[in-house]
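S.K.: I have a structure here, written as C-alpha cells, and I will follow up with some questions on it.
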Amino acid sequence: MSHTNQQYKFSRHSNHLGKDDAVSLWQKLHIDPWLMLLLITISCIGLTILYSASNQNIGLVFRQSISYFIGFMVMIVMAQIPPNFYRTLTPVFYVGGIFLLVMVLVIGEVRMGAQRWIRIPGFGSVQPSEFMRLGMPMMTAWFLSKRELPPNLITVFSTLALIIVPVLLIAKEPDLGTSLLVAASGIFVLFLAGLPWWMIGTAIAILIPFIAILWNFLMLPYQKQRVLTLLNPEADVHGTGWNIIQSKTAIGSGGLSGKGYLEGTQSHLEFLPEGHTDFIIAAFSEEFGLFGVCVLMFIYACLLARTLYLAFINQNVYGRLLAGAIGLSFFVYIFVNVGMVGGILPVVGVPLPLISYGGTALITLMAGFGLVMSVHTHQQHKI
C-alpha cells in the first residue's frame, strides 16, 4: 500500500507548492503571462508559415487570423470563470456532447465518406467530436475528484465506461484519429489520478491481443490501407503512398537550415497535399530546415512544461487532473501529427496544434488553455 501511495505525488502532494499570499496583477486578470506569451509566439509562427504554405493566399491567412482572435477571446473569457462553475456544469456538457454525437449519426452531413458534422441553420456546420476533446477530460476529472485517490478497481471501470461511450460514437462516424485522441485525454486523467502500476501493466497486456481484434473486426478497409501504406508507401507511389512520400521529400529537401522563407517547392508546386493543414510541418521543415523545426519543438516543449507545472502546483484535485490532462493531450496532438507527417505513424488527419489552418480545432485548443488559466489563477482550495 505504501508503494502505491508513493507512485504518484501529482494528484495529492502538490499543495505545498505555489502558495503565495501576494496576488499578482496577472492573477487578478486571470491570465498566465508565460502561457499567453508562448501562445502568441506560436500563433505568429503559424500565420507566417500559413502564408507561404497556402501559396501566399492572404484571404486564407485573414480567415485564420480571425480564428486566432476568436480563440484568444474564448480563452480569456473562460479564464475569468471560476473552475467550480465548470465543475458544476461538467456532467451537463458531457451528456450534451453524447447527445450531439448521436445526432451526428442520425442527421449528420456526409463529407468525403465520413458523417461527422451537424449543420446549424444560420451558423454553419459544427463537429461535435471536437467538443469531446474538452468534455472528456472535464468529465473524468469531475468523476475522479469526487472519489478517493488512487482509484480502486470499481472506480477505474466506471471511468473507463465514461470514456468508451463517446469514443465508440466518434469511431462510428468514422473518425478513428479523433476517437483515439479523445480516449487518450480520458486515460491521462486516470493516470494522473494515481492509477496503480499493476493496472497499467494489465491494461497493456490486454491491449496486445485486442490489436488483432481491432484489425480483423473493427477497422474499415481504408483504415487498414493507411497502416499498410505506412509500412510500405512505395507500394502505391501515385495512390495511397503519395502523401507520405511527398512529405518525406519536403522534409529531407530542407536540410539543416532550409531553403528559405517562401522558397519551398513541394508545397508551392502543389506536390505536397494539404500543405496548409495536416502536412504544414513538412512545408515548415522545407523552408526552415532542421534548425527551424527544433526551435518550434522547443517552444512547444516550453508550452507543455508550463501547462504541466501549473497543473502540478494547483491546490484543487479537479483542477490538477483537468489541467494535467489538457497538457498531456496537447503533447499527443503534436506527437501524432509530426509522427504522421514524418512517416512513423499512419495518416489519421490530425492537424498540428495552433499551426495548421482550421477554426474549430484551434478554438477548442484555446478554450482548453482558458481552462488551465482558470484553475490556476483562481487557486481554489482543495475539495
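In the C-alpha cells, the first chain shown is A, the next is B, and so on; residue numbers restart at 1 for each chain, and ligands run from 1 in the order shown.
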List every residue of stretch 132-316 of chain A that DSSP, applied to the backbone of this structure, places in alpha helix (DSSP H), and write the result as a short mmCIF file (atom, residue, chain, number, x, y, z; two decimals) with N, CA and C atoms, in the first residue's frame.
M.R.:
data_model
loop_
_atom_site.label_atom_id
_atom_site.label_comp_id
_atom_site.auth_asym_id
_atom_site.auth_seq_id
_atom_site.Cartn_x
_atom_site.Cartn_y
_atom_site.Cartn_z
N MET A 132 -15.78 17.05 -27.53
CA MET A 132 -15.44 15.99 -26.58
C MET A 132 -13.96 15.99 -26.24
N ARG A 133 -13.14 16.69 -27.01
CA ARG A 133 -11.73 16.80 -26.63
C ARG A 133 -11.58 17.55 -25.32
N LEU A 134 -12.54 18.42 -25.02
CA LEU A 134 -12.58 19.06 -23.71
C LEU A 134 -13.55 18.35 -22.77
N GLY A 135 -14.67 17.89 -23.31
CA GLY A 135 -15.67 17.26 -22.47
C GLY A 135 -15.16 16.00 -21.79
N MET A 136 -14.30 15.25 -22.48
CA MET A 136 -13.81 14.00 -21.90
C MET A 136 -12.91 14.24 -20.68
N PRO A 137 -11.83 15.04 -20.79
CA PRO A 137 -11.02 15.27 -19.58
C PRO A 137 -11.78 15.98 -18.47
N MET A 138 -12.72 16.85 -18.84
CA MET A 138 -13.53 17.52 -17.82
C MET A 138 -14.38 16.51 -17.06
N MET A 139 -14.99 15.57 -17.78
CA MET A 139 -15.87 14.61 -17.13
C MET A 139 -15.09 13.63 -16.27
N THR A 140 -14.01 13.11 -16.78
CA THR A 140 -13.23 12.15 -15.99
C THR A 140 -12.59 12.82 -14.78
N ALA A 141 -12.15 14.08 -14.93
CA ALA A 141 -11.60 14.81 -13.78
C ALA A 141 -12.69 15.07 -12.75
N TRP A 142 -13.89 15.43 -13.19
CA TRP A 142 -15.02 15.64 -12.29
C TRP A 142 -15.35 14.35 -11.54
N PHE A 143 -15.40 13.25 -12.25
CA PHE A 143 -15.78 11.96 -11.67
C PHE A 143 -14.75 11.50 -10.63
N LEU A 144 -13.48 11.58 -10.98
CA LEU A 144 -12.43 11.08 -10.09
C LEU A 144 -12.19 12.01 -8.90
N SER A 145 -12.42 13.32 -9.08
CA SER A 145 -12.19 14.26 -7.98
C SER A 145 -13.17 14.04 -6.84
N LEU A 153 -10.52 -0.50 -8.19
CA LEU A 153 -10.90 -1.19 -9.44
C LEU A 153 -12.27 -0.76 -9.92
N ILE A 154 -13.21 -0.59 -9.00
CA ILE A 154 -14.57 -0.19 -9.39
C ILE A 154 -14.55 1.21 -10.00
N THR A 155 -13.79 2.11 -9.40
CA THR A 155 -13.69 3.47 -9.94
C THR A 155 -13.05 3.47 -11.31
N VAL A 156 -12.04 2.64 -11.50
CA VAL A 156 -11.36 2.57 -12.81
C VAL A 156 -12.32 2.10 -13.88
N PHE A 157 -13.09 1.03 -13.59
CA PHE A 157 -14.02 0.52 -14.60
C PHE A 157 -15.15 1.52 -14.87
N SER A 158 -15.58 2.22 -13.85
CA SER A 158 -16.62 3.24 -14.05
C SER A 158 -16.10 4.37 -14.93
N THR A 159 -14.85 4.77 -14.70
CA THR A 159 -14.24 5.82 -15.52
C THR A 159 -14.08 5.35 -16.96
N LEU A 160 -13.66 4.11 -17.14
CA LEU A 160 -13.50 3.57 -18.50
C LEU A 160 -14.83 3.54 -19.24
N ALA A 161 -15.92 3.28 -18.51
CA ALA A 161 -17.24 3.29 -19.14
C ALA A 161 -17.58 4.69 -19.65
N LEU A 162 -17.23 5.72 -18.85
CA LEU A 162 -17.46 7.10 -19.29
C LEU A 162 -16.64 7.43 -20.53
N ILE A 163 -15.47 6.81 -20.66
CA ILE A 163 -14.59 7.07 -21.80
C ILE A 163 -15.07 6.33 -23.04
N ILE A 164 -15.48 5.09 -22.87
CA ILE A 164 -15.78 4.23 -24.02
C ILE A 164 -16.98 4.72 -24.82
N VAL A 165 -18.01 5.22 -24.15
CA VAL A 165 -19.25 5.61 -24.86
C VAL A 165 -18.99 6.65 -25.95
N PRO A 166 -18.42 7.81 -25.65
CA PRO A 166 -18.18 8.78 -26.73
C PRO A 166 -17.12 8.31 -27.73
N VAL A 167 -16.15 7.54 -27.26
CA VAL A 167 -15.11 7.05 -28.17
C VAL A 167 -15.72 6.15 -29.25
N LEU A 168 -16.62 5.27 -28.86
CA LEU A 168 -17.27 4.40 -29.84
C LEU A 168 -18.16 5.19 -30.79
N LEU A 169 -18.85 6.20 -30.29
CA LEU A 169 -19.70 7.02 -31.15
C LEU A 169 -18.87 7.78 -32.18
N ILE A 170 -17.71 8.29 -31.76
CA ILE A 170 -16.85 9.02 -32.70
C ILE A 170 -16.24 8.06 -33.71
N ALA A 171 -15.83 6.88 -33.25
CA ALA A 171 -15.26 5.88 -34.17
C ALA A 171 -16.27 5.41 -35.20
N LEU A 176 -11.41 7.58 -36.62
CA LEU A 176 -10.56 6.81 -35.71
C LEU A 176 -9.54 7.70 -35.03
N GLY A 177 -8.98 8.67 -35.76
CA GLY A 177 -7.97 9.55 -35.17
C GLY A 177 -8.50 10.33 -33.99
N THR A 178 -9.65 11.00 -34.18
CA THR A 178 -10.22 11.79 -33.09
C THR A 178 -10.67 10.91 -31.94
N SER A 179 -11.21 9.73 -32.25
CA SER A 179 -11.65 8.83 -31.18
C SER A 179 -10.49 8.40 -30.30
N LEU A 180 -9.34 8.14 -30.90
CA LEU A 180 -8.16 7.76 -30.12
C LEU A 180 -7.65 8.93 -29.27
N LEU A 181 -7.72 10.14 -29.83
CA LEU A 181 -7.28 11.32 -29.07
C LEU A 181 -8.21 11.60 -27.90
N VAL A 182 -9.51 11.44 -28.11
CA VAL A 182 -10.48 11.62 -27.03
C VAL A 182 -10.26 10.57 -25.94
N ALA A 183 -10.03 9.32 -26.37
CA ALA A 183 -9.76 8.26 -25.40
C ALA A 183 -8.50 8.57 -24.60
N ALA A 184 -7.47 9.07 -25.28
CA ALA A 184 -6.21 9.39 -24.59
C ALA A 184 -6.42 10.47 -23.53
N SER A 185 -7.25 11.48 -23.84
CA SER A 185 -7.48 12.56 -22.88
C SER A 185 -8.14 12.06 -21.61
N GLY A 186 -8.99 11.04 -21.74
CA GLY A 186 -9.61 10.45 -20.56
C GLY A 186 -8.66 9.55 -19.80
N ILE A 187 -7.87 8.76 -20.53
CA ILE A 187 -6.91 7.86 -19.90
C ILE A 187 -5.86 8.66 -19.13
N PHE A 188 -5.48 9.81 -19.65
CA PHE A 188 -4.48 10.64 -18.96
C PHE A 188 -4.98 11.06 -17.57
N VAL A 189 -6.27 11.35 -17.45
CA VAL A 189 -6.81 11.73 -16.15
C VAL A 189 -6.67 10.57 -15.17
N LEU A 190 -6.98 9.36 -15.64
CA LEU A 190 -6.81 8.17 -14.80
C LEU A 190 -5.36 8.02 -14.37
N PHE A 191 -4.45 8.20 -15.29
CA PHE A 191 -3.03 8.07 -15.00
C PHE A 191 -2.60 9.08 -13.94
N LEU A 192 -3.01 10.33 -14.12
CA LEU A 192 -2.62 11.38 -13.19
C LEU A 192 -3.29 11.22 -11.82
N TRP A 197 0.46 0.78 -10.88
CA TRP A 197 1.25 0.22 -11.99
C TRP A 197 0.76 -1.16 -12.40
N TRP A 198 0.25 -1.94 -11.47
CA TRP A 198 -0.21 -3.27 -11.85
C TRP A 198 -1.42 -3.19 -12.78
N MET A 199 -2.25 -2.15 -12.60
CA MET A 199 -3.37 -1.94 -13.51
C MET A 199 -2.89 -1.51 -14.89
N ILE A 200 -1.86 -0.65 -14.90
CA ILE A 200 -1.30 -0.21 -16.18
C ILE A 200 -0.71 -1.39 -16.94
N GLY A 201 0.04 -2.25 -16.23
CA GLY A 201 0.63 -3.42 -16.87
C GLY A 201 -0.43 -4.38 -17.38
N THR A 202 -1.50 -4.56 -16.61
CA THR A 202 -2.59 -5.44 -17.04
C THR A 202 -3.28 -4.89 -18.28
N ALA A 203 -3.49 -3.57 -18.31
CA ALA A 203 -4.13 -2.95 -19.47
C ALA A 203 -3.29 -3.13 -20.73
N ILE A 204 -1.97 -2.99 -20.59
CA ILE A 204 -1.08 -3.18 -21.74
C ILE A 204 -1.14 -4.63 -22.23
N ALA A 205 -1.18 -5.56 -21.28
CA ALA A 205 -1.24 -6.98 -21.64
C ALA A 205 -2.54 -7.31 -22.37
N ILE A 206 -3.63 -6.68 -21.97
CA ILE A 206 -4.93 -6.90 -22.63
C ILE A 206 -4.94 -6.23 -24.00
N LEU A 207 -4.27 -5.09 -24.12
CA LEU A 207 -4.29 -4.32 -25.35
C LEU A 207 -3.62 -5.05 -26.51
N ILE A 208 -2.59 -5.82 -26.21
CA ILE A 208 -1.83 -6.50 -27.27
C ILE A 208 -2.71 -7.45 -28.08
N PRO A 209 -3.46 -8.39 -27.46
CA PRO A 209 -4.34 -9.23 -28.29
C PRO A 209 -5.53 -8.47 -28.88
N PHE A 210 -5.90 -7.34 -28.23
CA PHE A 210 -7.02 -6.55 -28.75
C PHE A 210 -6.68 -5.93 -30.10
N ILE A 211 -5.39 -5.71 -30.37
CA ILE A 211 -4.99 -5.15 -31.64
C ILE A 211 -5.42 -6.06 -32.79
N ALA A 212 -5.32 -7.38 -32.57
CA ALA A 212 -5.75 -8.32 -33.60
C ALA A 212 -7.26 -8.24 -33.83
N ILE A 213 -8.01 -8.09 -32.73
CA ILE A 213 -9.47 -7.94 -32.86
C ILE A 213 -9.80 -6.64 -33.59
N PRO A 221 -11.75 -0.87 -44.28
CA PRO A 221 -10.70 -1.14 -45.29
C PRO A 221 -9.75 0.04 -45.50
N TYR A 222 -10.27 1.28 -45.54
CA TYR A 222 -9.39 2.41 -45.79
C TYR A 222 -8.45 2.65 -44.60
N GLN A 223 -8.91 2.30 -43.39
CA GLN A 223 -8.05 2.44 -42.22
C GLN A 223 -6.93 1.41 -42.23
N LYS A 224 -7.25 0.20 -42.66
CA LYS A 224 -6.21 -0.82 -42.80
C LYS A 224 -5.19 -0.41 -43.86
N GLN A 225 -5.70 0.19 -44.94
CA GLN A 225 -4.81 0.62 -46.01
C GLN A 225 -3.82 1.67 -45.53
N ARG A 226 -4.24 2.53 -44.62
CA ARG A 226 -3.33 3.54 -44.08
C ARG A 226 -2.18 2.89 -43.32
N VAL A 227 -2.47 1.84 -42.59
CA VAL A 227 -1.42 1.14 -41.85
C VAL A 227 -0.47 0.44 -42.82
N LEU A 228 -1.03 -0.21 -43.84
CA LEU A 228 -0.19 -0.89 -44.84
C LEU A 228 0.65 0.12 -45.61
N THR A 229 0.08 1.28 -45.88
CA THR A 229 0.83 2.33 -46.59
C THR A 229 1.99 2.82 -45.74
N LEU A 230 1.78 2.92 -44.43
CA LEU A 230 2.85 3.34 -43.53
C LEU A 230 4.02 2.36 -43.61
N LEU A 231 3.72 1.08 -43.66
CA LEU A 231 4.77 0.06 -43.68
C LEU A 231 5.50 0.03 -45.01
N TRP A 242 1.32 8.45 -51.79
CA TRP A 242 1.75 9.76 -52.29
C TRP A 242 1.99 10.75 -51.15
N ASN A 243 1.06 10.81 -50.19
CA ASN A 243 1.17 11.80 -49.12
C ASN A 243 2.47 11.65 -48.33
N ILE A 244 2.74 10.43 -47.89
CA ILE A 244 3.93 10.20 -47.06
C ILE A 244 5.20 10.45 -47.86
N ILE A 245 5.24 9.98 -49.10
CA ILE A 245 6.44 10.15 -49.92
C ILE A 245 6.74 11.62 -50.16
N GLN A 246 5.72 12.39 -50.52
CA GLN A 246 5.94 13.82 -50.77
C GLN A 246 6.28 14.56 -49.49
N SER A 247 5.71 14.13 -48.39
CA SER A 247 6.01 14.75 -47.11
C SER A 247 7.47 14.51 -46.72
N LYS A 248 7.94 13.28 -46.87
CA LYS A 248 9.34 12.98 -46.57
C LYS A 248 10.28 13.73 -47.51
N THR A 249 9.87 13.87 -48.76
CA THR A 249 10.69 14.61 -49.71
C THR A 249 10.84 16.07 -49.29
N ALA A 250 9.73 16.67 -48.86
CA ALA A 250 9.77 18.06 -48.42
C ALA A 250 10.66 18.22 -47.19
N ILE A 251 10.51 17.31 -46.23
CA ILE A 251 11.31 17.39 -45.00
C ILE A 251 12.79 17.22 -45.31
N GLY A 252 13.11 16.22 -46.14
CA GLY A 252 14.51 15.94 -46.46
C GLY A 252 15.16 17.05 -47.27
N SER A 253 14.39 17.67 -48.15
CA SER A 253 14.97 18.70 -49.00
C SER A 253 15.30 19.98 -48.23
N GLY A 254 14.72 20.13 -47.03
CA GLY A 254 15.00 21.32 -46.24
C GLY A 254 16.38 21.30 -45.62
N ILE A 280 1.39 20.73 -42.70
CA ILE A 280 2.05 22.03 -42.68
C ILE A 280 3.44 21.97 -42.08
N ILE A 281 3.71 21.00 -41.20
CA ILE A 281 5.04 20.88 -40.61
C ILE A 281 6.06 20.48 -41.67
N ALA A 282 5.62 19.77 -42.73
CA ALA A 282 6.53 19.42 -43.82
C ALA A 282 6.91 20.67 -44.61
N ALA A 283 5.92 21.53 -44.86
CA ALA A 283 6.21 22.80 -45.55
C ALA A 283 7.12 23.67 -44.70
N PHE A 284 6.90 23.68 -43.40
CA PHE A 284 7.74 24.45 -42.48
C PHE A 284 9.17 23.91 -42.50
N SER A 285 9.31 22.60 -42.47
CA SER A 285 10.64 21.98 -42.46
C SER A 285 11.39 22.25 -43.76
N GLU A 286 10.69 22.28 -44.88
CA GLU A 286 11.34 22.52 -46.16
C GLU A 286 11.93 23.93 -46.21
N GLU A 287 11.26 24.89 -45.62
CA GLU A 287 11.72 26.28 -45.70
C GLU A 287 12.67 26.67 -44.57
N PHE A 288 12.52 26.05 -43.40
CA PHE A 288 13.33 26.45 -42.24
C PHE A 288 14.28 25.35 -41.77
N GLY A 289 14.17 24.17 -42.35
CA GLY A 289 15.12 23.10 -42.07
C GLY A 289 15.01 22.53 -40.66
N LEU A 290 15.98 21.69 -40.32
CA LEU A 290 16.01 21.04 -39.02
C LEU A 290 16.11 22.05 -37.89
N PHE A 291 16.89 23.11 -38.10
CA PHE A 291 17.04 24.13 -37.06
C PHE A 291 15.70 24.78 -36.74
N GLY A 292 14.95 25.12 -37.77
CA GLY A 292 13.65 25.75 -37.56
C GLY A 292 12.68 24.83 -36.84
N VAL A 293 12.68 23.56 -37.22
CA VAL A 293 11.80 22.59 -36.56
C VAL A 293 12.18 22.43 -35.10
N CYS A 294 13.48 22.42 -34.81
CA CYS A 294 13.93 22.30 -33.42
C CYS A 294 13.47 23.49 -32.59
N VAL A 295 13.52 24.69 -33.17
CA VAL A 295 13.05 25.88 -32.45
C VAL A 295 11.55 25.76 -32.16
N LEU A 296 10.78 25.33 -33.17
CA LEU A 296 9.34 25.18 -32.98
C LEU A 296 9.05 24.14 -31.91
N MET A 297 9.75 23.00 -31.94
CA MET A 297 9.54 21.95 -30.95
C MET A 297 9.93 22.44 -29.55
N PHE A 298 10.95 23.29 -29.47
CA PHE A 298 11.35 23.84 -28.18
C PHE A 298 10.25 24.73 -27.60
N ILE A 299 9.64 25.55 -28.45
CA ILE A 299 8.54 26.41 -27.99
C ILE A 299 7.36 25.55 -27.55
N TYR A 300 7.06 24.52 -28.32
CA TYR A 300 6.01 23.58 -27.92
C TYR A 300 6.34 22.96 -26.56
N ALA A 301 7.60 22.55 -26.37
CA ALA A 301 8.01 21.93 -25.12
C ALA A 301 7.85 22.89 -23.95
N CYS A 302 8.18 24.16 -24.16
CA CYS A 302 8.01 25.17 -23.11
C CYS A 302 6.54 25.33 -22.76
N LEU A 303 5.68 25.34 -23.77
CA LEU A 303 4.25 25.47 -23.54
C LEU A 303 3.72 24.28 -22.76
N LEU A 304 4.17 23.08 -23.13
CA LEU A 304 3.75 21.87 -22.43
C LEU A 304 4.25 21.88 -20.99
N ALA A 305 5.53 22.24 -20.81
CA ALA A 305 6.11 22.26 -19.46
C ALA A 305 5.38 23.26 -18.56
N ARG A 306 5.06 24.43 -19.10
CA ARG A 306 4.35 25.43 -18.31
C ARG A 306 2.96 24.93 -17.91
N THR A 307 2.26 24.27 -18.84
CA THR A 307 0.93 23.75 -18.55
C THR A 307 0.98 22.70 -17.45
N LEU A 308 1.93 21.77 -17.55
CA LEU A 308 2.05 20.72 -16.55
C LEU A 308 2.48 21.30 -15.19
N TYR A 309 3.32 22.33 -15.22
CA TYR A 309 3.74 22.96 -13.96
C TYR A 309 2.54 23.61 -13.27
N LEU A 310 1.71 24.31 -14.04
CA LEU A 310 0.53 24.94 -13.46
C LEU A 310 -0.43 23.89 -12.90
N ALA A 311 -0.48 22.74 -13.57
CA ALA A 311 -1.31 21.66 -13.05
C ALA A 311 -0.75 21.13 -11.74
N PHE A 312 0.57 20.97 -11.68
CA PHE A 312 1.21 20.37 -10.51
C PHE A 312 1.07 21.23 -9.27
#
S.K.: Which one of A:Gly327, A:Pro128, A:Pro150, A:Pro91 sits closest to A:Met103 if you count only C-alpha atoms?
M.R.: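 Smallest distance to A:Met103 is found for A:Pro128.
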S.K.: Enumerate, as a JSON list (two decimals) with N, CA and C atoms, in the first residue's frame, the complete set of residues in stretch 118-351 of chain A that a backbone-based DSSP assignment places in strand (DSSP E or B).
M.R.:
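Writing done, so here's part.json:
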[["chain", "number", "residue", "atom", "x", "y", "z"],
["A", 118, "ILE", "N", -22.76, 18.47, -38.10],
["A", 118, "ILE", "CA", -24.16, 18.85, -37.99],
["A", 118, "ILE", "C", -24.30, 20.29, -38.48],
["A", 119, "ARG", "N", -25.21, 20.51, -39.40],
["A", 119, "ARG", "CA", -25.41, 21.86, -39.91],
["A", 119, "ARG", "C", -26.45, 22.58, -39.05],
["A", 120, "ILE", "N", -26.06, 23.75, -38.57],
["A", 120, "ILE", "CA", -26.96, 24.60, -37.79],
["A", 120, "ILE", "C", -27.39, 25.77, -38.66],
["A", 124, "GLY", "N", -23.79, 27.51, -39.62],
["A", 124, "GLY", "CA", -22.85, 26.69, -40.36],
["A", 124, "GLY", "C", -22.76, 25.30, -39.77],
["A", 125, "SER", "N", -21.70, 24.60, -40.10],
["A", 125, "SER", "CA", -21.52, 23.22, -39.64],
["A", 125, "SER", "C", -20.61, 23.18, -38.42],
["A", 126, "VAL", "N", -20.94, 22.30, -37.49],
["A", 126, "VAL", "CA", -20.10, 22.07, -36.31],
["A", 126, "VAL", "C", -19.75, 20.59, -36.23]]
S.K.: Residues within 12 Å of A:Leu269, please, as a list in words. Count only C-alpha atoms; anything in the same chain fewer than 5 positions from it doesn't count.
M.R.: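 Close residues of A:Leu269: Ser52, Ala53, Ser54, Asn55, Gln246, Ala250, Leu262, Glu263, Gly264, Gly275 and Ala283 of chain A.
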S.K.: Which residues are near stretch 27-32 of chain A? Cut-off 12 Å, only C-alpha atoms, ignore same chain within fewer than 6 positions. Put them as a ChimeraX atom specification.
M.R.: /A:20-21,38-39,72-73,75-83,303,306-307,309-310,369-379
S.K.: Measure the distance from atom CA of A:Tyr51 to atom CA of A:Leu365 in Å and round it to one decimal.
M.R.: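 Taking atom CA of A:Tyr51 and atom CA of A:Leu365, their separation equals 21.3 Å.
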S.K.: Out of A:Ser267, A:Ser24, A:Gln115, A:Ser65, which residue has the shortest atom-to-atom distance to A:Thr48 when counting only C-alpha atoms?
M.R.: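 Residue with the minimum atom-to-atom distance to A:Thr48: A:Ser65.
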